[in-house]
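Peer 1: See query_4.txt below, with compact mmCIF, C-alpha atoms and all ligand atoms.
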```
# COMPACT_ATOMS: atom_id res chain seq x y z
CA MET A 1 -10.81 3.92 -65.03
CA ALA A 2 -10.24 0.17 -64.94
CA VAL A 3 -13.89 -0.88 -65.22
CA THR A 4 -14.63 1.34 -68.22
CA GLY A 5 -11.23 0.49 -69.71
CA ALA A 6 -12.02 -3.23 -69.46
CA LEU A 7 -15.39 -2.73 -71.13
CA LEU A 8 -13.87 -0.71 -73.98
CA LEU A 9 -11.08 -3.25 -74.38
CA ALA A 10 -13.64 -6.07 -74.61
CA PHE A 11 -15.27 -4.22 -77.50
CA VAL A 12 -11.90 -3.55 -79.15
CA VAL A 13 -10.90 -7.25 -78.97
CA ALA A 14 -14.29 -8.37 -80.36
CA HIS A 15 -14.02 -5.75 -83.12
CA ALA A 16 -10.50 -6.85 -84.05
CA VAL A 17 -11.67 -10.48 -84.32
CA GLY A 18 -14.68 -9.40 -86.41
CA ASP A 19 -12.42 -7.37 -88.71
CA LEU A 20 -10.42 -10.46 -89.59
CA LYS A 21 -13.54 -11.78 -91.36
CA PHE A 22 -12.40 -9.42 -94.12
CA PHE A 23 -9.87 -12.10 -95.14
CA GLU A 24 -12.68 -14.63 -95.58
CA GLY A 25 -14.05 -12.49 -98.40
CA ARG A 26 -17.01 -10.36 -99.21
CA ALA A 27 -19.83 -12.79 -98.37
CA ALA A 28 -18.39 -13.62 -94.94
CA PHE A 29 -17.70 -9.98 -94.05
CA ASP A 30 -21.06 -8.62 -95.23
CA GLY A 31 -22.79 -11.60 -93.60
CA TYR A 32 -21.10 -10.77 -90.31
CA SER A 33 -22.27 -7.16 -90.66
CA GLN A 34 -25.84 -8.41 -91.23
CA TRP A 35 -25.56 -10.68 -88.19
CA LEU A 36 -24.64 -7.62 -86.08
CA ARG A 37 -27.95 -6.10 -87.16
CA THR A 38 -30.04 -9.13 -86.28
CA LEU A 39 -28.24 -9.94 -83.03
CA GLY A 40 -30.71 -10.62 -80.21
CA ALA A 41 -33.61 -11.45 -82.54
CA PRO A 42 -36.44 -12.15 -82.10
CA VAL A 43 -36.40 -10.41 -78.70
CA LEU A 44 -34.59 -7.40 -80.14
CA GLY A 45 -35.72 -5.73 -83.37
CA ARG A 46 -33.41 -5.13 -86.32
CA GLY A 47 -30.50 -2.86 -85.41
CA TRP A 48 -31.47 -2.61 -81.75
CA TYR A 49 -28.34 -4.37 -80.53
CA LEU A 50 -26.14 -1.86 -82.39
CA TRP A 51 -27.96 1.06 -80.78
CA LEU A 52 -27.59 -0.58 -77.38
CA GLN A 53 -23.88 -1.01 -78.06
CA ARG A 54 -23.53 2.63 -79.15
CA ALA A 55 -25.24 3.81 -75.95
CA VAL A 56 -23.07 1.59 -73.72
CA LEU A 57 -19.83 2.52 -75.52
CA THR A 58 -20.63 6.24 -75.47
CA GLY A 59 -21.36 6.02 -71.73
CA ALA A 60 -18.15 4.08 -71.14
CA VAL A 61 -16.05 6.58 -73.13
CA LEU A 62 -17.52 9.53 -71.20
CA ALA A 63 -16.97 7.78 -67.84
CA HIS A 64 -13.40 6.82 -68.89
CA LEU A 65 -12.74 10.49 -69.74
CA ALA A 66 -14.27 11.69 -66.46
CA ALA A 67 -12.11 9.23 -64.47
CA ALA A 68 -8.97 10.32 -66.38
CA THR A 69 -9.74 13.98 -65.67
CA ALA A 70 -10.34 13.26 -61.98
CA LEU A 71 -7.01 11.39 -61.76
CA THR A 72 -5.16 14.22 -63.50
CA VAL A 73 -6.65 16.79 -61.11
CA ARG A 74 -5.72 14.61 -58.13
CA ASP A 75 -2.14 14.19 -59.40
CA LYS A 76 -1.74 17.93 -59.92
CA ARG A 77 -3.08 18.62 -56.40
CA ALA A 78 -0.74 16.04 -54.90
CA ARG A 79 2.26 17.59 -56.63
CA PRO A 80 1.56 21.26 -57.45
CA VAL A 81 5.25 21.94 -58.16
CA ARG A 82 6.58 20.14 -61.20
CA TYR A 83 9.37 17.67 -60.71
CA LEU A 84 12.68 19.05 -61.91
CA HIS A 85 13.78 15.53 -62.68
CA ARG A 86 10.80 13.23 -62.88
CA PRO A 87 11.24 9.77 -61.40
CA ARG A 88 12.24 7.57 -64.25
CA ALA A 89 10.05 4.54 -63.60
CA THR A 90 6.78 6.39 -64.19
CA THR A 91 7.76 8.45 -67.22
CA GLY A 92 7.75 5.92 -70.03
CA TRP A 93 6.85 7.12 -73.48
CA ALA A 94 3.38 5.59 -73.31
CA ALA A 95 2.76 6.95 -69.80
CA ARG A 96 3.45 10.54 -70.83
CA THR A 97 1.36 10.26 -73.94
CA MET A 98 -1.62 8.48 -72.36
CA ARG A 99 -3.82 11.56 -72.51
CA TRP A 100 -2.86 12.40 -76.07
CA SER A 101 -3.21 8.84 -77.32
CA GLY A 102 -6.66 8.73 -75.72
CA VAL A 103 -7.72 11.94 -77.44
CA ALA A 104 -6.26 10.74 -80.76
CA VAL A 105 -8.13 7.41 -80.57
CA GLY A 106 -11.31 9.35 -79.72
CA ALA A 107 -10.83 11.59 -82.75
CA PHE A 108 -10.24 8.56 -84.98
CA VAL A 109 -13.42 6.88 -83.69
CA VAL A 110 -15.49 9.98 -84.57
CA TYR A 111 -14.06 9.94 -88.12
CA HIS A 112 -14.34 6.15 -88.34
CA VAL A 113 -18.00 5.93 -87.27
CA TRP A 114 -18.85 8.68 -89.78
CA ASP A 115 -16.83 6.80 -92.40
CA VAL A 116 -18.46 3.38 -91.90
CA SER A 117 -21.98 4.76 -91.44
CA SER A 118 -22.10 5.43 -95.18
CA ALA A 119 -21.36 1.76 -95.86
CA ALA A 120 -24.70 0.30 -94.75
CA GLY A 121 -25.46 -2.85 -96.69
CA HIS A 122 -22.10 -3.25 -98.39
CA PRO A 123 -19.33 -2.78 -95.78
CA TYR A 124 -16.79 -4.96 -97.63
CA ARG A 125 -16.99 -2.97 -100.87
CA HIS A 126 -16.89 0.33 -98.95
CA LEU A 127 -13.90 -0.64 -96.82
CA ALA A 128 -11.97 -2.07 -99.75
CA ALA A 129 -12.52 1.10 -101.84
CA ASP A 130 -11.75 3.33 -98.88
CA LEU A 131 -8.53 1.64 -97.80
CA ARG A 132 -7.17 1.64 -101.35
CA HIS A 133 -6.34 5.31 -100.73
CA TRP A 134 -2.95 5.13 -99.07
CA TYR A 135 -3.72 8.04 -96.74
CA VAL A 136 -6.91 6.38 -95.43
CA ALA A 137 -5.05 3.09 -94.92
CA ALA A 138 -2.24 5.02 -93.17
CA ALA A 139 -4.75 6.77 -90.88
CA TYR A 140 -6.32 3.41 -89.95
CA ALA A 141 -2.94 1.77 -89.33
CA LEU A 142 -1.72 4.76 -87.31
CA ALA A 143 -4.89 4.68 -85.19
CA ALA A 144 -4.29 0.97 -84.54
CA LEU A 145 -0.71 1.68 -83.39
CA VAL A 146 -1.74 4.57 -81.13
CA LEU A 147 -4.55 2.44 -79.69
CA GLY A 148 -2.01 -0.36 -79.11
CA ALA A 149 0.27 1.94 -77.08
CA HIS A 150 -2.75 3.23 -75.12
CA VAL A 151 -4.02 -0.28 -74.36
CA ALA A 152 -0.57 -1.64 -73.47
CA HIS A 153 0.03 1.07 -70.92
CA GLY A 154 -3.55 1.27 -69.63
CA LEU A 155 -3.76 -2.46 -69.13
CA HIS A 156 -0.39 -2.53 -67.42
CA GLY A 157 -1.50 0.22 -65.05
CA ALA A 158 -4.63 -1.75 -64.23
CA VAL A 159 -2.96 -5.11 -63.61
CA ARG A 160 0.32 -3.78 -62.12
CA SER A 161 -0.87 -4.52 -58.59
CA LEU A 162 -0.92 -8.21 -59.51
CA GLY A 163 2.84 -7.77 -59.67
CA GLY A 164 5.83 -9.09 -61.50
CA PRO A 165 7.25 -8.57 -64.97
CA GLY A 166 4.54 -10.96 -66.21
CA ALA A 167 1.93 -8.21 -65.91
CA ARG A 168 3.85 -5.96 -68.27
CA ARG A 169 4.62 -8.72 -70.75
CA LEU A 170 0.99 -9.85 -70.80
CA SER A 171 -0.29 -6.28 -71.36
CA VAL A 172 2.14 -5.64 -74.20
CA ALA A 173 1.41 -9.04 -75.78
CA LEU A 174 -2.38 -8.51 -75.78
CA ALA A 175 -2.01 -4.98 -77.14
CA ALA A 176 0.36 -6.24 -79.86
CA VAL A 177 -2.08 -8.95 -80.98
CA VAL A 178 -4.99 -6.48 -81.17
CA THR A 179 -2.83 -3.93 -83.01
CA ALA A 180 -1.62 -6.54 -85.49
CA ALA A 181 -5.22 -7.59 -86.22
CA PHE A 182 -6.29 -3.97 -86.79
CA VAL A 183 -3.26 -3.14 -88.95
CA ALA A 184 -3.73 -6.28 -91.07
CA VAL A 185 -6.81 -5.09 -93.00
CA PRO A 186 -5.57 -1.61 -94.09
CA LEU A 187 -2.12 -3.06 -94.83
CA ALA A 188 -3.54 -5.91 -96.93
CA VAL A 189 -5.82 -3.63 -98.96
CA ALA A 190 -3.23 -0.87 -99.48
CA SER A 191 -0.64 -3.41 -100.64
CA GLY A 192 -3.11 -5.17 -102.94
CA VAL A 193 -3.06 -8.50 -101.07
CA ALA A 194 -6.79 -8.34 -100.23
CA GLY A 195 -9.88 -6.42 -101.18
C1 LIG B 1 -7.99 -0.29 -88.03
C2 LIG B 1 -8.82 -1.14 -88.53
C3 LIG B 1 -10.34 -1.06 -88.43
C4 LIG B 1 -11.20 -1.49 -89.40
C5 LIG B 1 -10.82 -2.11 -90.73
C6 LIG B 1 -12.56 -1.22 -88.92
C7 LIG B 1 -13.72 -1.53 -89.62
C8 LIG B 1 -15.01 -1.29 -89.18
C9 LIG B 1 -16.21 -1.59 -89.92
C10 LIG B 1 -16.27 -2.22 -91.31
C11 LIG B 1 -17.28 -1.21 -89.16
C12 LIG B 1 -18.77 -1.32 -89.54
C13 LIG B 1 -19.33 -2.62 -89.05
C14 LIG B 1 -20.80 -2.76 -89.38
O1 LIG B 1 -21.56 -1.86 -88.98
O2 LIG B 1 -21.17 -3.76 -89.98
C15 LIG B 1 -16.75 -0.67 -87.91
C16 LIG B 1 -17.51 -0.17 -86.88
C17 LIG B 1 -17.01 0.39 -85.73
N1 LIG B 1 -15.67 0.52 -85.38
FE1 LIG B 1 -14.10 -0.08 -86.50
N2 LIG B 1 -12.49 -0.66 -87.67
C18 LIG B 1 -11.15 -0.53 -87.33
C19 LIG B 1 -10.66 -0.01 -86.15
C20 LIG B 1 -11.41 0.50 -85.10
C21 LIG B 1 -10.88 1.01 -83.86
C22 LIG B 1 -9.40 1.07 -83.52
C23 LIG B 1 -11.97 1.41 -83.11
C24 LIG B 1 -12.03 1.98 -81.72
C25 LIG B 1 -11.07 2.04 -80.86
C26 LIG B 1 -13.15 1.15 -83.87
C27 LIG B 1 -14.45 1.44 -83.45
C28 LIG B 1 -15.60 1.14 -84.14
C29 LIG B 1 -16.94 1.42 -83.66
C30 LIG B 1 -17.31 2.10 -82.34
C31 LIG B 1 -17.83 0.94 -84.64
C32 LIG B 1 -19.36 0.92 -84.57
C33 LIG B 1 -19.98 2.00 -85.37
C34 LIG B 1 -21.50 1.91 -85.20
O3 LIG B 1 -21.96 1.93 -84.06
O4 LIG B 1 -22.18 1.79 -86.20
N3 LIG B 1 -12.79 0.59 -85.08
N4 LIG B 1 -15.37 -0.74 -87.95
```
Let me see whether you can do it: turn the structure in this file into structure tokens.
Ligand code: HEM
Peer 2:
Amino acid sequence: MAVTGALLLAFVVAHAVGDLKFFEGRAAFDGYSQWLRTLGAPVLGRGWYLWLQRAVLTGAVLAHLAAATALTVRDKRARPVRYLHRPRATTGWAARTMRWSGVAVGAFVVYHVWDVSSAAGHPYRHLAADLRHWYVAAAYALAALVLGAHVAHGLHGAVRSLGGPGARRLSVALAAVVTAAFVAVPLAVASGVAG
């Protein structure tokens, strides 16, 4: 769970940083998109890195899902009778919704990859036109918030053994920064500040 989570989080952080290029304008954003396609050249051919990334991310998502399922089965076996009053410490809002937030982020990614795949060559123009629809911008912002809750709790679970309130604060802080970066683009376009 932790290894695949860390890999997926590394992608998410890199993606959030890349997204902020949107505020540098069209040339910078489209140039960054081109760079993604020539990454690894001349050893790798055009677009190879992206395919490699898709393969690794798909594998990581499937393994993350398999680990989550295994943990759920183990928990159910360990406690076949439901708690009448669940212990408070482990029933935070994010904890209870971990599975659903994971599924929701997964559903968004399927829509999102379909959405951006039609933007080849001119991602800035596509994104700007897309996010001008308030409902698309809202879906992107909502996905960023759900992802933030998922990351905050997942990261906290992973680093909890390191102890102290610092672990929680650090997890929430990192998730908040990533969420803010992801929300910034749809918010800026929908409100007319950028794009
Ligand atoms: C909310 C703000 C977001 C914006 C504005 C955004 C924008 C984009 C853009 C423009 C691309 C295409 C890049 C290119 O091919 O040049 C892209 C690709 C991608 N995004 Fe996002 N994204 C957002 C959030 C997310 C989130 C939350 C996830 C996952 C948790 C995600 C996962 C991906 C993946 C997997 C790809 C690669 C698709 C491929 O392999 O071609 N994105 N995103």
Peer 1: With distances taken over all atoms listed in the file, which of A:Leu155, A:Leu36, A:Ala14, A:Ala175 is nearest to Gly121 of chain A?
Peer 2: A:Leu36
Peer 1: Using only C-alpha atoms, which of A:Val172, A:Ala28, A:Val17, A:Leu50 sits nearest Val151 of chain A?
Peer 2: A:Val172
Peer 1: In Å, how far is it from atom C13 of ligand LIG 1 (chain B) to atom CA of Ser33 of chain A?
Peer 2: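 Those two atoms sit 5.6 Å apart.
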Peer 1: Which residue gives the smallest distance to ligand LIG 1 (chain B) among A:Gly192, A:Gly45, A:Pro165, A:Gly31, with only C-alpha atoms and all ligand atoms counted?
Peer 2: A:Gly31
Peer 1: Would you list the residues near (0.8, -2.5, -83.5), meaning any protein, DNA or RNA residue with an atom at most 9 Å from that point in file coordinates, counting all atoms listed in the file, as a PyMOL selection string?
Peer 2: chain A and resi 141-142+144-149+175-183
Peer 1: From the options A:Ala152, A:Met98, A:Leu8, A:Leu65, which residue's atoms come nearest to ligand LIG 1 (chain B), counting all atoms listed in the file?
Peer 2: A:Leu8
Peer 1: To one decimal place, how far is atom CA of Pro123 of chain A from atom CA of Gly25 of chain A in Å?
Peer 2: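 Calculated distance between atom CA of Pro123 of chain A and atom CA of Gly25 of chain A is 11.4 Å.
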Peer 1: Would you please work out which residue, of A:Thr72, A:Thr97, A:Ser171, A:Ser118, is nearest to ligand LIG 1 (chain B) when using all atoms listed in the file?
Peer 2: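 Result for the nearest residue to ligand LIG 1 (chain B): A:Ser118.
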Peer 1: Here is a test: counting all atoms listed in the file, which residue of A:Trp114, A:Arg26, A:Tyr135, A:Leu7 is nearest to ligand LIG 1 (chain B)?
Peer 2: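 Using all atoms listed in the file, ligand LIG 1 (chain B) sits closest to A:Trp114.
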Peer 1: Expressed in Å to a single decimal, how great is the separation between atom CA of Val109 of chain A and atom CA of Lys76 of chain A?
Peer 2: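 Going from atom CA of Val109 of chain A over to atom CA of Lys76 of chain A, I get 28.7 Å.
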Peer 1: Just the residues within 7 Å of Ala190 of chain A, please, counting all atoms listed in the file, with nothing from its chain fewer than 2 positions along; format it as an MDAnalysis selection string.
Peer 2: chainID A and resid 131:132 134 137 186:188 192
Peer 1: Would you write out those residues with C-alpha atoms, as a compact mmCIF listing (two decimals), keeping the file's coordinate frame?
Peer 2:
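Contents of the output file part13.txt:
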```txt
# COMPACT_ATOMS: atom_id res chain seq x y z
CA LEU A 131 -8.53 1.64 -97.80
CA ARG A 132 -7.17 1.64 -101.35
CA TRP A 134 -2.95 5.13 -99.07
CA ALA A 137 -5.05 3.09 -94.92
CA PRO A 186 -5.57 -1.61 -94.09
CA LEU A 187 -2.12 -3.06 -94.83
CA ALA A 188 -3.54 -5.91 -96.93
CA GLY A 192 -3.11 -5.17 -102.94
```
Peer 1: Report, as JSON, the axis-aligned box around all atoms of segment 174-193 of chain A present in the file, extended by 5 Å on each side; give centre and edge lengths in Å to one decimal place.
Peer 2:
```
{"center_x": -3.2, "center_y": -4.9, "center_z": -89.4, "size_x": 17.2, "size_y": 18.1, "size_z": 37.2}
```
